[in-house]
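Undergrad: Below is the file upload.tsv, which contains TSV, C-alpha atoms.
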chain	number	residue	atom	x	y	z
A	355	MET	CA	-44.03	-148.07	-89.83
A	356	GLY	CA	-42.30	-149.28	-86.68
A	357	GLU	CA	-41.15	-152.37	-88.52
A	358	ILE	CA	-39.39	-150.21	-91.10
A	359	VAL	CA	-37.60	-148.25	-88.37
A	360	TYR	CA	-36.65	-151.42	-86.49
A	361	TRP	CA	-35.10	-153.11	-89.52
A	362	THR	CA	-33.34	-149.90	-90.58
A	363	ILE	CA	-31.69	-149.63	-87.15
A	364	LEU	CA	-30.72	-153.30	-87.25
A	365	ARG	CA	-29.24	-153.00	-90.75
A	366	THR	CA	-27.37	-149.85	-89.70
A	367	ALA	CA	-25.76	-151.72	-86.81
A	368	LEU	CA	-24.72	-154.54	-89.13
A	369	VAL	CA	-23.24	-152.13	-91.70
A	370	ILE	CA	-21.32	-150.29	-88.98
A	371	ALA	CA	-19.84	-153.58	-87.75
A	372	ALA	CA	-18.97	-154.66	-91.30
A	373	VAL	CA	-17.29	-151.41	-92.33
A	374	TRP	CA	-15.43	-151.24	-89.03
A	375	PHE	CA	-14.01	-154.69	-89.72
A	376	LEU	CA	-13.20	-153.76	-93.34
A	377	LYS	CA	-11.36	-150.56	-92.36
A	378	SER	CA	-8.29	-152.48	-91.23
A	379	GLN	CA	-8.48	-154.92	-94.14
A	380	ILE	CA	-8.56	-152.62	-97.21
A	381	ASP	CA	-7.22	-149.32	-98.53
A	382	GLU	CA	-8.80	-146.16	-97.09
A	383	GLN	CA	-10.08	-144.77	-100.42
A	384	LEU	CA	-11.73	-148.07	-101.28
A	385	TRP	CA	-13.15	-148.22	-97.77
A	386	TYR	CA	-14.99	-144.91	-98.27
A	387	ILE	CA	-16.50	-146.14	-101.53
A	388	ILE	CA	-17.58	-149.44	-99.97
A	389	THR	CA	-19.05	-147.61	-96.96
A	390	VAL	CA	-21.18	-145.37	-99.16
A	391	ALA	CA	-22.25	-148.26	-101.38
A	392	LEU	CA	-23.16	-150.49	-98.44
A	393	SER	CA	-25.02	-147.65	-96.73
A	394	TYR	CA	-27.17	-147.10	-99.78
A	395	ALA	CA	-27.67	-150.75	-100.74
A	396	VAL	CA	-28.28	-152.15	-97.26
A	397	ILE	CA	-29.79	-149.23	-95.31
A	398	ILE	CA	-31.26	-146.44	-97.46
A	399	HIS	CA	-32.75	-148.32	-100.42
A	400	PRO	CA	-34.59	-150.97	-98.35
A	401	ALA	CA	-35.96	-148.29	-96.00
A	402	ILE	CA	-37.31	-146.23	-98.90
A	403	ALA	CA	-38.77	-149.34	-100.58
A	404	GLY	CA	-40.41	-150.39	-97.31
A	405	PHE	CA	-41.90	-146.94	-96.81
A	406	ARG	CA	-43.30	-146.89	-100.35
A	407	LYS	CA	-44.82	-150.33	-99.78
A	408	PHE	CA	-46.33	-149.08	-96.49
A	409	GLU	CA	-47.82	-146.03	-98.22
A	410	GLN	CA	-49.26	-148.11	-101.06
A	411	LYS	CA	-50.73	-150.66	-98.64
A	412	ASN	CA	-52.45	-147.98	-96.55
A	413	LYS	CA	-53.44	-145.59	-99.35
A	414	SER	CA	-57.02	-146.83	-99.51
A	415	ILE	CA	-57.45	-146.49	-95.73
A	416	SER	CA	-56.19	-142.92	-95.81
A	417	GLU	CA	-58.48	-141.98	-98.67
A	418	SER	CA	-61.71	-143.92	-98.34
A	419	THR	CA	-62.50	-144.51	-94.67
A	420	ILE	CA	-64.30	-142.18	-92.30
A	421	CYS	CA	-61.11	-142.08	-90.22
A	422	ALA	CA	-59.31	-140.13	-92.92
A	423	ASN	CA	-61.49	-137.09	-92.16
A	424	CYS	CA	-61.26	-137.31	-88.36
A	425	LYS	CA	-59.09	-135.04	-86.24
A	426	HIS	CA	-57.89	-138.07	-84.20
A	427	PHE	CA	-56.45	-139.81	-87.29
A	428	ASP	CA	-52.69	-139.72	-87.84
A	429	ALA	CA	-52.16	-140.39	-91.54
A	430	SER	CA	-48.40	-140.85	-91.23
A	431	ALA	CA	-48.86	-143.87	-88.94
A	432	VAL	CA	-52.39	-144.84	-90.08
A	433	LEU	CA	-53.46	-144.68	-86.45
A	434	CYS	CA	-56.45	-143.50	-84.46
A	435	MET	CA	-54.80	-141.39	-81.77
A	436	LYS	CA	-57.87	-141.42	-79.49
A	437	HIS	CA	-58.13	-145.22	-79.34
A	438	ASP	CA	-54.49	-146.04	-80.17
A	439	LYS	CA	-55.56	-148.58	-82.79
A	440	HIS	CA	-54.96	-148.99	-86.50
A	441	PRO	CA	-58.08	-148.71	-88.65
A	442	THR	CA	-58.54	-150.94	-91.67
A	443	GLU	CA	-61.05	-150.92	-94.50
A	444	ASN	CA	-63.26	-153.27	-92.48
A	445	TYR	CA	-62.56	-151.97	-88.94
A	446	ILE	CA	-63.10	-148.51	-87.48
A	447	PRO	CA	-61.75	-148.30	-83.89
A	448	CYS	CA	-64.59	-146.12	-82.54
A	449	ASP	CA	-67.32	-147.41	-84.93
A	450	GLY	CA	-67.81	-143.75	-85.89
A	451	ILE	CA	-68.98	-142.70	-82.42
A	452	HIS	CA	-65.97	-140.50	-81.61
A	453	TRP	CA	-65.52	-139.18	-85.14
A	454	GLU	CA	-64.79	-135.45	-85.22
A	455	PRO	CA	-64.21	-133.49	-88.43
A	456	ILE	CA	-60.83	-131.94	-89.03
Show how you would write the structure in this file as structure tokens.

TA:
Amino acid sequence: MGEIVYWTILRTALVIAAVWFLKSQIDEQLWYIITVALSYAVIIHPAIAGFRKFEQKNKSISESTICANCKHFDASAVLCMKHDKHPTENYIPCDGIHWEPI
């Protein structure tokens, strides 16, 4: 999830620099259209696609591991909050010892 945020911030900075440069080069009406198009194509769409890929990749962890039913599990980040580690299908951070029902 942090990778998605990082790249979104980086792409936003690049788009801001690009549209700032273009503002003095082209007509104002066209500039607004290009700004909206670049914002969607370079910032919004890749962020949404990355988030969907993240959700799909971690869907099985959120549904089929013991962590999914623990009060220390943060489903939005796929993270064990007690141990500050990411569980996988083959790795449970606490080995079930600190598991507490929701």

Undergrad: When you look at range 422-434 of chain A with a cut-off of 7 Å (counting all atoms listed in the file), what residues show up, excluding the ones that are within fewer than 4 positions of it in the same chain? I need them as a count of residues only.

TA: 11

Undergrad: Between A:Cys448, A:Ile358, A:Ile420, A:Ala371, which residue has the minimum interatomic distance to Ile398 in chain A, considering all atoms listed in the file?

TA: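 Checking each candidate against Ile398 in chain A, we get A:Ile358 as the closest.
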
Undergrad: Tell me which of A:Tyr445, A:Phe375, A:Phe408, A:Trp361 sits closest to Thr389 in chain A, counting all atoms listed in the file.

TA: A:Phe375

Undergrad: When you count only C-alpha atoms, which of these residues is closest to Val390 in chain A: A:Arg406, A:Ile370, A:His452, A:Asn412?

TA: A:Ile370

Undergrad: Record the distance separating CA of Met435 in chain A and CA of Gly356 in chain A, expressed in Å with one decimal.

TA: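 Taking CA of Met435 in chain A as the start and CA of Gly356 in chain A as the end point, the length is 15.6 Å.
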
Undergrad: Quick check, in Å to one decimal: how far apart do CA of Glu443 in chain A and CA of Gln410 in chain A lie?

TA: 13.8 Å

Undergrad: Give me, please, the distance in Å between CA of Leu376 in chain A and CA of Val396 in chain A, quoted to one decimal.

TA: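 Distance reported for this atom pair: 15.7 Å.
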
Undergrad: Any chance you could build range 378-404 of chain A out to N, CA and C atoms and write it as a PDB file, in the frame of the given file?

TA:
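Saved to part.pdb:
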ATOM      1  N   SER A 378      -9.662-152.014 -91.423  1.00  0.00           N
ATOM      2  CA  SER A 378      -8.290-152.480 -91.230  1.00  0.00           C
ATOM      3  C   SER A 378      -7.846-153.460 -92.322  1.00  0.00           C
ATOM      4  N   GLN A 379      -8.781-153.903 -93.144  1.00  0.00           N
ATOM      5  CA  GLN A 379      -8.480-154.920 -94.140  1.00  0.00           C
ATOM      6  C   GLN A 379      -8.187-154.351 -95.541  1.00  0.00           C
ATOM      7  N   ILE A 380      -8.708-153.162 -95.847  1.00  0.00           N
ATOM      8  CA  ILE A 380      -8.560-152.620 -97.210  1.00  0.00           C
ATOM      9  C   ILE A 380      -8.056-151.186 -97.168  1.00  0.00           C
ATOM     10  N   ASP A 381      -7.704-150.685 -98.354  1.00  0.00           N
ATOM     11  CA  ASP A 381      -7.220-149.320 -98.530  1.00  0.00           C
ATOM     12  C   ASP A 381      -8.292-148.302 -98.136  1.00  0.00           C
ATOM     13  N   GLU A 382      -7.863-147.143 -97.616  1.00  0.00           N
ATOM     14  CA  GLU A 382      -8.800-146.160 -97.090  1.00  0.00           C
ATOM     15  C   GLU A 382      -9.731-145.591 -98.154  1.00  0.00           C
ATOM     16  N   GLN A 383      -9.223-145.303 -99.360  1.00  0.00           N
ATOM     17  CA  GLN A 383     -10.080-144.770-100.420  1.00  0.00           C
ATOM     18  C   GLN A 383     -11.156-145.777-100.816  1.00  0.00           C
ATOM     19  N   LEU A 384     -10.775-147.019-100.951  1.00  0.00           N
ATOM     20  CA  LEU A 384     -11.730-148.070-101.280  1.00  0.00           C
ATOM     21  C   LEU A 384     -12.736-148.244-100.153  1.00  0.00           C
ATOM     22  N   TRP A 385     -12.268-148.084 -98.917  1.00  0.00           N
ATOM     23  CA  TRP A 385     -13.150-148.220 -97.770  1.00  0.00           C
ATOM     24  C   TRP A 385     -14.274-147.190 -97.803  1.00  0.00           C
ATOM     25  N   TYR A 386     -13.959-145.940 -98.169  1.00  0.00           N
ATOM     26  CA  TYR A 386     -14.990-144.910 -98.270  1.00  0.00           C
ATOM     27  C   TYR A 386     -16.037-145.272 -99.324  1.00  0.00           C
ATOM     28  N   ILE A 387     -15.582-145.755-100.454  1.00  0.00           N
ATOM     29  CA  ILE A 387     -16.500-146.140-101.530  1.00  0.00           C
ATOM     30  C   ILE A 387     -17.392-147.294-101.081  1.00  0.00           C
ATOM     31  N   ILE A 388     -16.804-148.290-100.446  1.00  0.00           N
ATOM     32  CA  ILE A 388     -17.580-149.440 -99.970  1.00  0.00           C
ATOM     33  C   ILE A 388     -18.565-149.007 -98.890  1.00  0.00           C
ATOM     34  N   THR A 389     -18.158-148.099 -98.017  1.00  0.00           N
ATOM     35  CA  THR A 389     -19.050-147.610 -96.960  1.00  0.00           C
ATOM     36  C   THR A 389     -20.269-146.920 -97.544  1.00  0.00           C
ATOM     37  N   VAL A 390     -20.063-146.066 -98.524  1.00  0.00           N
ATOM     38  CA  VAL A 390     -21.180-145.370 -99.160  1.00  0.00           C
ATOM     39  C   VAL A 390     -22.078-146.362 -99.893  1.00  0.00           C
ATOM     40  N   ALA A 391     -21.470-147.274-100.635  1.00  0.00           N
ATOM     41  CA  ALA A 391     -22.250-148.260-101.380  1.00  0.00           C
ATOM     42  C   ALA A 391     -23.061-149.167-100.454  1.00  0.00           C
ATOM     43  N   LEU A 392     -22.443-149.643 -99.393  1.00  0.00           N
ATOM     44  CA  LEU A 392     -23.160-150.490 -98.440  1.00  0.00           C
ATOM     45  C   LEU A 392     -24.276-149.713 -97.737  1.00  0.00           C
ATOM     46  N   SER A 393     -24.001-148.465 -97.397  1.00  0.00           N
ATOM     47  CA  SER A 393     -25.020-147.650 -96.730  1.00  0.00           C
ATOM     48  C   SER A 393     -26.253-147.494 -97.610  1.00  0.00           C
ATOM     49  N   TYR A 394     -26.032-147.245 -98.885  1.00  0.00           N
ATOM     50  CA  TYR A 394     -27.170-147.100 -99.780  1.00  0.00           C
ATOM     51  C   TYR A 394     -27.865-148.444-100.019  1.00  0.00           C
ATOM     52  N   ALA A 395     -27.091-149.467-100.356  1.00  0.00           N
ATOM     53  CA  ALA A 395     -27.670-150.750-100.740  1.00  0.00           C
ATOM     54  C   ALA A 395     -28.328-151.495 -99.582  1.00  0.00           C
ATOM     55  N   VAL A 396     -27.789-151.361 -98.383  1.00  0.00           N
ATOM     56  CA  VAL A 396     -28.280-152.150 -97.260  1.00  0.00           C
ATOM     57  C   VAL A 396     -29.184-151.350 -96.319  1.00  0.00           C
ATOM     58  N   ILE A 397     -29.005-150.028 -96.260  1.00  0.00           N
ATOM     59  CA  ILE A 397     -29.790-149.230 -95.310  1.00  0.00           C
ATOM     60  C   ILE A 397     -30.828-148.360 -96.029  1.00  0.00           C
ATOM     61  N   ILE A 398     -30.384-147.468 -96.875  1.00  0.00           N
ATOM     62  CA  ILE A 398     -31.260-146.440 -97.460  1.00  0.00           C
ATOM     63  C   ILE A 398     -32.285-147.020 -98.423  1.00  0.00           C
ATOM     64  N   HIS A 399     -31.830-147.796 -99.408  1.00  0.00           N
ATOM     65  CA  HIS A 399     -32.750-148.320-100.420  1.00  0.00           C
ATOM     66  C   HIS A 399     -33.846-149.207 -99.816  1.00  0.00           C
ATOM     67  N   PRO A 400     -33.516-150.173 -98.949  1.00  0.00           N
ATOM     68  CA  PRO A 400     -34.590-150.970 -98.350  1.00  0.00           C
ATOM     69  C   PRO A 400     -35.565-150.161 -97.494  1.00  0.00           C
ATOM     70  N   ALA A 401     -35.076-149.138 -96.814  1.00  0.00           N
ATOM     71  CA  ALA A 401     -35.960-148.290 -96.000  1.00  0.00           C
ATOM     72  C   ALA A 401     -36.940-147.520 -96.892  1.00  0.00           C
ATOM     73  N   ILE A 402     -36.446-146.963 -97.976  1.00  0.00           N
ATOM     74  CA  ILE A 402     -37.310-146.230 -98.900  1.00  0.00           C
ATOM     75  C   ILE A 402     -38.309-147.177 -99.554  1.00  0.00           C
ATOM     76  N   ALA A 403     -37.859-148.357 -99.974  1.00  0.00           N
ATOM     77  CA  ALA A 403     -38.770-149.340-100.580  1.00  0.00           C
ATOM     78  C   ALA A 403     -39.831-149.786 -99.588  1.00  0.00           C
ATOM     79  N   GLY A 404     -39.447-150.001 -98.339  1.00  0.00           N
ATOM     80  CA  GLY A 404     -40.410-150.390 -97.310  1.00  0.00           C
ATOM     81  C   GLY A 404     -41.426-149.301 -97.046  1.00  0.00           C
TER      82      GLY A 404
END
